[in-house]
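The file my_file33.csv contains CSV, C-alpha atoms:
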```csv
chain,number,residue,atom,x,y,z
A,1,MET,CA,-70.6,90.7,-57.2
A,2,ALA,CA,-71.1,91.8,-60.8
A,3,THR,CA,-68.1,92.7,-63.0
A,4,ALA,CA,-67.4,96.4,-63.2
A,5,ASP,CA,-66.1,98.0,-66.4
A,6,TYR,CA,-63.9,101.1,-66.7
A,7,ARG,CA,-63.3,102.7,-70.0
A,8,ASP,CA,-60.2,104.9,-70.9
A,9,SER,CA,-58.6,106.0,-74.1
A,10,ALA,CA,-56.7,102.7,-74.4
A,11,GLY,CA,-59.9,100.5,-74.4
A,12,LEU,CA,-61.8,98.6,-71.9
A,13,ILE,CA,-60.6,97.6,-68.4
A,14,GLU,CA,-62.5,94.8,-66.9
A,15,ILE,CA,-62.4,94.4,-63.1
A,16,PRO,CA,-62.9,90.7,-62.2
A,17,PRO,CA,-65.4,90.0,-59.4
A,18,SER,CA,-62.7,88.3,-57.4
A,19,ALA,CA,-60.7,91.5,-57.2
A,20,TYR,CA,-63.0,92.9,-54.5
A,21,THR,CA,-61.1,91.0,-51.9
A,22,LEU,CA,-57.5,91.8,-51.0
A,23,GLU,CA,-56.4,88.3,-52.1
A,24,GLY,CA,-58.2,88.6,-55.4
A,25,PHE,CA,-57.0,92.1,-56.0
A,26,THR,CA,-53.4,91.0,-55.4
A,27,GLU,CA,-53.9,88.2,-57.9
A,28,TRP,CA,-55.3,90.7,-60.4
A,29,THR,CA,-52.2,93.0,-60.0
A,30,TYR,CA,-50.0,90.1,-61.0
A,31,SER,CA,-52.0,89.2,-64.0
A,32,GLU,CA,-51.5,90.4,-67.6
A,33,ALA,CA,-55.0,91.9,-67.5
A,34,PHE,CA,-54.0,94.5,-64.8
A,35,PRO,CA,-53.8,98.0,-66.4
A,36,GLU,CA,-50.4,99.4,-67.0
A,37,GLN,CA,-51.5,103.0,-66.5
A,38,GLY,CA,-53.5,104.7,-63.7
A,39,ARG,CA,-53.4,104.7,-60.0
A,40,ILE,CA,-55.4,101.8,-58.8
A,41,THR,CA,-56.1,101.4,-55.1
A,42,PHE,CA,-57.9,98.7,-53.1
A,43,VAL,CA,-59.2,99.9,-49.8
A,44,ASP,CA,-61.5,97.9,-47.6
A,45,GLY,CA,-63.4,96.2,-50.4
A,46,ARG,CA,-63.4,99.2,-52.7
A,47,ILE,CA,-61.4,99.7,-55.9
A,48,LEU,CA,-60.5,103.2,-56.8
A,49,ILE,CA,-59.1,104.0,-60.3
A,50,ASP,CA,-57.6,107.4,-60.8
A,51,MET,CA,-56.8,108.2,-64.4
A,52,SER,CA,-56.2,111.9,-63.9
A,53,PRO,CA,-52.9,113.3,-65.0
A,54,GLU,CA,-50.7,114.8,-62.4
A,55,ARG,CA,-50.3,118.6,-62.3
A,56,TYR,CA,-46.7,119.8,-62.7
A,57,GLU,CA,-47.0,122.8,-60.5
A,58,SER,CA,-48.8,121.3,-57.5
A,59,HIS,CA,-47.9,117.6,-57.7
A,60,SER,CA,-45.0,116.4,-59.8
A,61,LYS,CA,-42.5,119.1,-58.7
A,62,ILE,CA,-43.3,118.3,-55.0
A,63,LYS,CA,-42.5,114.7,-55.4
A,64,ALA,CA,-39.3,115.6,-57.2
A,65,VAL,CA,-38.1,117.8,-54.3
A,66,ILE,CA,-39.0,115.2,-51.7
A,67,TYR,CA,-37.0,112.5,-53.5
A,68,GLY,CA,-34.1,114.9,-54.0
A,69,VAL,CA,-33.9,115.7,-50.3
A,70,LEU,CA,-34.9,112.5,-48.6
A,71,VAL,CA,-33.0,110.0,-50.8
A,72,PRO,CA,-29.5,111.4,-50.1
A,73,PHE,CA,-30.4,111.9,-46.5
A,74,ILE,CA,-31.6,108.3,-46.0
A,75,TYR,CA,-28.5,106.9,-47.8
A,76,GLU,CA,-26.0,109.1,-46.0
A,77,GLN,CA,-27.5,108.2,-42.7
A,78,ASP,CA,-27.9,104.6,-43.7
A,79,LEU,CA,-31.5,104.5,-42.4
A,80,GLY,CA,-33.2,102.0,-44.7
A,81,GLU,CA,-34.8,102.0,-48.1
A,82,PHE,CA,-36.8,104.7,-49.9
A,83,TYR,CA,-39.3,103.7,-52.5
A,84,PRO,CA,-40.7,106.3,-55.0
A,85,ASP,CA,-44.0,106.5,-56.7
A,86,GLY,CA,-45.1,103.2,-58.2
A,87,ALA,CA,-44.0,101.0,-55.2
A,88,ARG,CA,-47.1,99.2,-54.0
A,89,PHE,CA,-47.6,97.8,-50.6
A,90,LYS,CA,-50.4,95.8,-49.1
A,91,ASN,CA,-51.5,95.3,-45.5
A,92,GLU,CA,-54.0,92.5,-44.6
A,93,SER,CA,-54.9,94.1,-41.2
A,94,ALA,CA,-55.9,97.3,-42.9
A,95,ASN,CA,-57.4,95.6,-46.0
A,96,ILE,CA,-55.5,97.8,-48.3
A,97,SER,CA,-53.2,97.7,-51.4
A,98,ASN,CA,-51.9,101.0,-52.6
A,99,GLU,CA,-49.1,102.9,-54.3
A,100,PRO,CA,-48.3,106.0,-52.2
A,101,ASP,CA,-46.4,108.9,-53.7
A,102,ALA,CA,-43.5,107.6,-51.7
A,103,LEU,CA,-42.8,105.3,-48.8
A,104,PHE,CA,-39.8,104.5,-46.5
A,105,ALA,CA,-38.9,101.5,-44.5
A,106,SER,CA,-36.1,101.4,-41.9
A,107,TRP,CA,-33.6,98.6,-41.7
A,108,GLN,CA,-35.2,97.4,-38.5
A,109,THR,CA,-38.6,97.2,-40.3
A,110,LEU,CA,-37.1,95.3,-43.2
A,111,GLU,CA,-34.9,93.0,-41.2
A,112,SER,CA,-37.7,92.1,-38.8
A,113,GLY,CA,-40.1,91.2,-41.7
A,114,LYS,CA,-42.5,93.9,-40.8
A,115,LEU,CA,-42.4,94.9,-44.5
A,116,THR,CA,-41.3,92.2,-46.8
A,117,PRO,CA,-41.7,90.9,-50.4
A,118,PRO,CA,-44.3,88.1,-50.9
A,119,PRO,CA,-43.1,84.5,-50.2
A,120,PHE,CA,-40.9,83.2,-53.0
A,121,ASP,CA,-43.2,80.2,-53.5
A,122,VAL,CA,-45.9,82.7,-54.4
A,123,VAL,CA,-43.9,85.2,-56.5
A,124,PRO,CA,-40.5,84.3,-57.9
A,125,GLU,CA,-37.5,86.0,-56.3
A,126,GLY,CA,-37.0,89.5,-57.7
A,127,GLN,CA,-40.3,89.5,-59.6
A,128,HIS,CA,-42.5,90.9,-57.0
A,129,ILE,CA,-44.4,94.2,-57.6
A,130,ASP,CA,-45.6,94.8,-54.0
A,131,LEU,CA,-44.4,94.6,-50.5
A,132,CYS,CA,-46.4,93.1,-47.6
A,133,GLY,CA,-46.8,94.7,-44.2
A,134,SER,CA,-46.3,98.2,-42.9
A,135,PRO,CA,-43.6,100.8,-43.9
A,136,ASP,CA,-42.4,103.4,-41.4
A,137,TRP,CA,-43.4,106.4,-43.5
A,138,VAL,CA,-45.8,107.2,-46.4
A,139,CYS,CA,-46.3,110.4,-48.3
A,140,GLU,CA,-49.3,111.6,-50.4
A,141,VAL,CA,-49.5,114.8,-52.4
A,142,LEU,CA,-53.1,115.9,-52.9
A,143,SER,CA,-54.7,116.5,-56.3
A,144,ASN,CA,-58.3,117.4,-57.1
A,145,SER,CA,-59.2,113.8,-57.7
A,146,SER,CA,-57.6,112.4,-54.6
A,147,VAL,CA,-58.8,114.6,-51.7
A,148,THR,CA,-61.3,112.1,-50.3
A,149,LYS,CA,-59.0,109.2,-50.8
A,150,ASP,CA,-55.9,110.8,-49.2
A,151,LYS,CA,-57.6,112.7,-46.4
A,152,LYS,CA,-60.1,110.0,-45.3
A,153,LEU,CA,-59.8,106.6,-46.9
A,154,LEU,CA,-56.1,106.3,-46.8
A,155,LEU,CA,-55.8,108.2,-43.6
A,156,GLU,CA,-58.0,105.6,-41.9
A,157,SER,CA,-56.3,102.6,-43.6
A,158,TYR,CA,-52.8,103.8,-42.9
A,159,HIS,CA,-53.7,104.2,-39.3
A,160,LYS,CA,-55.1,100.6,-39.2
A,161,ALA,CA,-51.9,99.5,-40.7
A,162,SER,CA,-50.0,101.1,-37.8
A,163,ILE,CA,-47.8,103.2,-40.1
A,164,PRO,CA,-45.9,105.5,-37.7
A,165,GLU,CA,-45.8,108.6,-39.9
A,166,TYR,CA,-47.9,110.0,-42.8
A,167,TRP,CA,-46.9,113.2,-44.7
A,168,LEU,CA,-49.9,114.9,-46.4
A,169,ILE,CA,-49.1,117.8,-48.7
A,170,ASP,CA,-51.5,120.1,-50.5
A,171,ALA,CA,-50.0,122.8,-52.7
A,172,ARG,CA,-53.2,123.6,-54.8
A,173,GLY,CA,-54.0,126.8,-52.9
A,174,ASP,CA,-52.3,130.1,-52.1
A,175,GLU,CA,-50.3,128.4,-49.3
A,176,ILE,CA,-48.7,125.0,-48.9
A,177,ASP,CA,-50.4,122.8,-46.4
A,178,PHE,CA,-47.6,120.5,-45.3
A,179,GLN,CA,-48.6,118.1,-42.5
A,180,ILE,CA,-46.6,115.6,-40.7
A,181,LEU,CA,-49.1,113.2,-39.1
A,182,VAL,CA,-47.9,110.9,-36.3
A,183,TRP,CA,-49.6,107.7,-35.3
A,184,GLN,CA,-51.5,107.7,-32.0
A,185,THR,CA,-53.9,105.2,-30.6
A,186,ASP,CA,-57.0,107.2,-31.5
A,187,GLY,CA,-55.8,108.4,-34.9
A,188,TYR,CA,-53.1,110.5,-36.5
A,189,VAL,CA,-52.1,113.8,-34.9
A,190,ALA,CA,-50.5,116.6,-36.8
A,191,VAL,CA,-47.2,118.0,-35.6
A,192,ASN,CA,-47.4,121.7,-35.2
A,193,ASP,CA,-44.2,123.5,-34.5
A,194,GLU,CA,-44.3,127.2,-33.6
A,195,ASP,CA,-41.7,128.3,-36.1
A,196,ASP,CA,-43.2,126.6,-39.2
A,197,TRP,CA,-40.8,123.7,-38.9
A,198,ASN,CA,-42.5,120.3,-38.4
A,199,PHE,CA,-40.7,117.5,-36.5
A,200,SER,CA,-40.5,114.0,-38.0
A,201,PRO,CA,-40.0,111.2,-35.4
A,202,VAL,CA,-39.2,108.7,-38.1
A,203,PHE,CA,-36.3,110.7,-39.5
A,204,ASP,CA,-35.5,112.5,-36.2
A,205,ARG,CA,-35.3,115.9,-38.1
A,206,HIS,CA,-37.4,119.0,-38.5
A,207,PHE,CA,-38.7,119.8,-42.0
A,208,GLN,CA,-40.1,122.9,-43.7
A,209,MET,CA,-41.6,123.1,-47.2
A,210,THR,CA,-41.6,126.5,-49.0
A,211,ARG,CA,-41.9,127.7,-52.6
A,212,ASP,CA,-41.0,130.7,-54.7
A,213,LEU,CA,-41.2,131.7,-58.3
A,214,ASN,CA,-38.5,130.6,-60.7
A,215,ARG,CA,-37.1,132.6,-63.6
A,216,VAL,CA,-40.1,131.9,-65.9
A,217,GLY,CA,-42.7,132.6,-63.2
A,218,ARG,CA,-43.6,129.1,-62.1
A,219,TRP,CA,-43.2,127.4,-58.8
A,220,ARG,CA,-40.0,126.2,-57.4
A,221,TYR,CA,-40.3,124.1,-54.2
A,222,HIS,CA,-37.8,123.7,-51.4
A,223,LEU,CA,-37.8,121.0,-48.6
A,224,LYS,CA,-35.6,122.2,-45.9
A,225,ILE,CA,-34.2,119.9,-43.2
A,226,ARG,CA,-32.5,120.6,-39.9
```
Take the structure in the file and give it back as structure tokens.
Amino acid sequence: MATADYRDSAGLIEIPPSAYTLEGFTEWTYSEAFPEQGRITFVDGRILIDMSPERYESHSKIKAVIYGVLVPFIYEQDLGEFYPDGARFKNESANISNEPDALFASWQTLESGKLTPPPFDVVPEGQHIDLCGSPDWVCEVLSNSSVTKDKKLLLESYHKASIPEYWLIDARGDEIDFQILVWQTDGYVAVNDEDDWNFSPVFDRHFQMTRDLNRVGRWRYHLKIR
């Protein structure tokens, strides 16, 4: 396959031909030639490079409130490890390597090796930049540039990876579309509670996401838990 080039403001990014396999892509991520900026996803032989900036009002603020609620909850309940934006995982069965907006792995998943760092003979201990296997939970916040990726490509790949729960959040419109998608054999199924609270089997809690205007007329998000 011919080499593909991608230009950004910092110069020229060259994608090596070997990167179009999961093994080759992983080698590229550990090389000095791998870009330091941008969201770069390998999914089933395709490489997607998203250089779009995140929108404060419909993206960054949502991630902040998710971290602010889930991290204390996970630590207080001693459920496992929460990994924020920038934590990459790869799954050979699903042929994917991606950095979700957030991911979570229970102690059982980590202790069983279902999600684990690469072997130390491949990557020195403590120097890994990805995890191998399947987390228990992933979250993606939609942006204009990620709709197809989040709602189709990643949806299918996360299901192939047997990830039990996928949170998909879209706050670009007049209302927040907050979906908790639960793994079923034929695909993910959205949890639809009658009172606007969605149940998370992974966290064994109900969640609701709302927003209102702050003192300067911009969005303030709330993730409620019960």
Spatial neighbours of Asn98 in chain A, 7 Å, all atoms listed in the file, chain gap at least 6 places, as a list in words: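 The filter keeps Thr41, Phe42, Arg88, Phe89 and Lys90 of chain A.
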Nearest to Ile47 in chain A by atom-to-atom distance, counting all atoms listed in the file, from A:Tyr75, A:Phe203, A:Tyr20, A:Tyr67: A:Tyr20
Distance criterion (all atoms listed in the file): nearest to Gly113 in chain A out of A:Ser134, A:Asn91, A:Ser143, A:Thr210: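 The answer is A:Ser134, which sits nearest to Gly113 in chain A.
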Selected residue of minimal separation from Val189 in chain A among A:Leu155, A:Val147, A:Ala105, A:Met51, counting only C-alpha atoms: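 Selected residue with least distance to Val189 in chain A: A:Leu155.
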Between CA of Asn144 in chain A and CA of Ile169 in chain A, distance in Å (one decimal):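 According to the coordinates, CA of Asn144 in chain A and CA of Ile169 in chain A are separated by 12.5 Å.
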How big is the axis-aligned box, and where does its centre sit, when it encloses all atoms of range 147-153 of chain A listed in the file and has 6 Å added on every side, reported in Å to one decimal as JSON?
```
{"center_x": -58.6, "center_y": 110.6, "center_z": -48.5, "size_x": 17.4, "size_y": 20.0, "size_z": 18.4}
```
Lys224 in chain A surroundings by only C-alpha atoms, 9 Å radius, close-in-sequence under 4 positions cut, as a PyMOL selection string: chain A and resi 69+197+206-210
Atomic separation - CA of Glu140 in chain A relative to CA of Trp167 in chain A, Å: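 Interatomic distance here is 6.4 Å.
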Shell of 12 Å around Leu70 in chain A, all atoms listed in the file, local chain residues under 6 positions omitted, as a PyMOL selection string: chain A and resi 63-64+76-84+102-104+137+139+202-203+205+207+222-225
Among the residues A:Leu115, A:Val123, A:Leu213, A:Val71, the one that comes closest to Ala161 in chain A [using all atoms listed in the file]: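 The closest residue to Ala161 in chain A is A:Leu115.
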Atomic separation - CA of Asp50 in chain A relative to CA of Ser93 in chain A, Å: 23.8 Å
Residue nearest Asp174 in chain A among A:Arg226, A:Arg211, A:Arg55, A:Lys160 (counting all atoms listed in the file):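 So, comparing all the options, the nearest one is A:Arg211.
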Nearest to Ile40 in chain A, chosen from A:Asp204, A:Glu99, A:Asp186, A:Asp195, with all atoms listed in the file counted in the distances: A:Glu99
Contacts of Pro124 in chain A within 12 Å, all atoms listed in the file, excl. fewer than 6 positions in-chain, as JSON, numbers by chain: {"A": [30, 117, 118]}
Sel. within 9 Å of pt (-41.0, 93.4, -41.7), counting all atoms listed in the file, output as a ChimeraX atom specification: /A:105,108-116,132-135
Protein/DNA/RNA residues near (-58.2, 98.9, -45.6), cut 9 Å, all atoms listed in the file, as a list in words: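 Using all atoms listed in the file, the matching residues come out as Leu22, Phe42, Val43, Asp44, Gly45, Arg46, Asn91, Glu92, Ser93, Ala94, Asn95, Ile96, Ser97, Leu153, Leu154, Glu156, Ser157, Tyr158, Lys160 and Ala161 of chain A.
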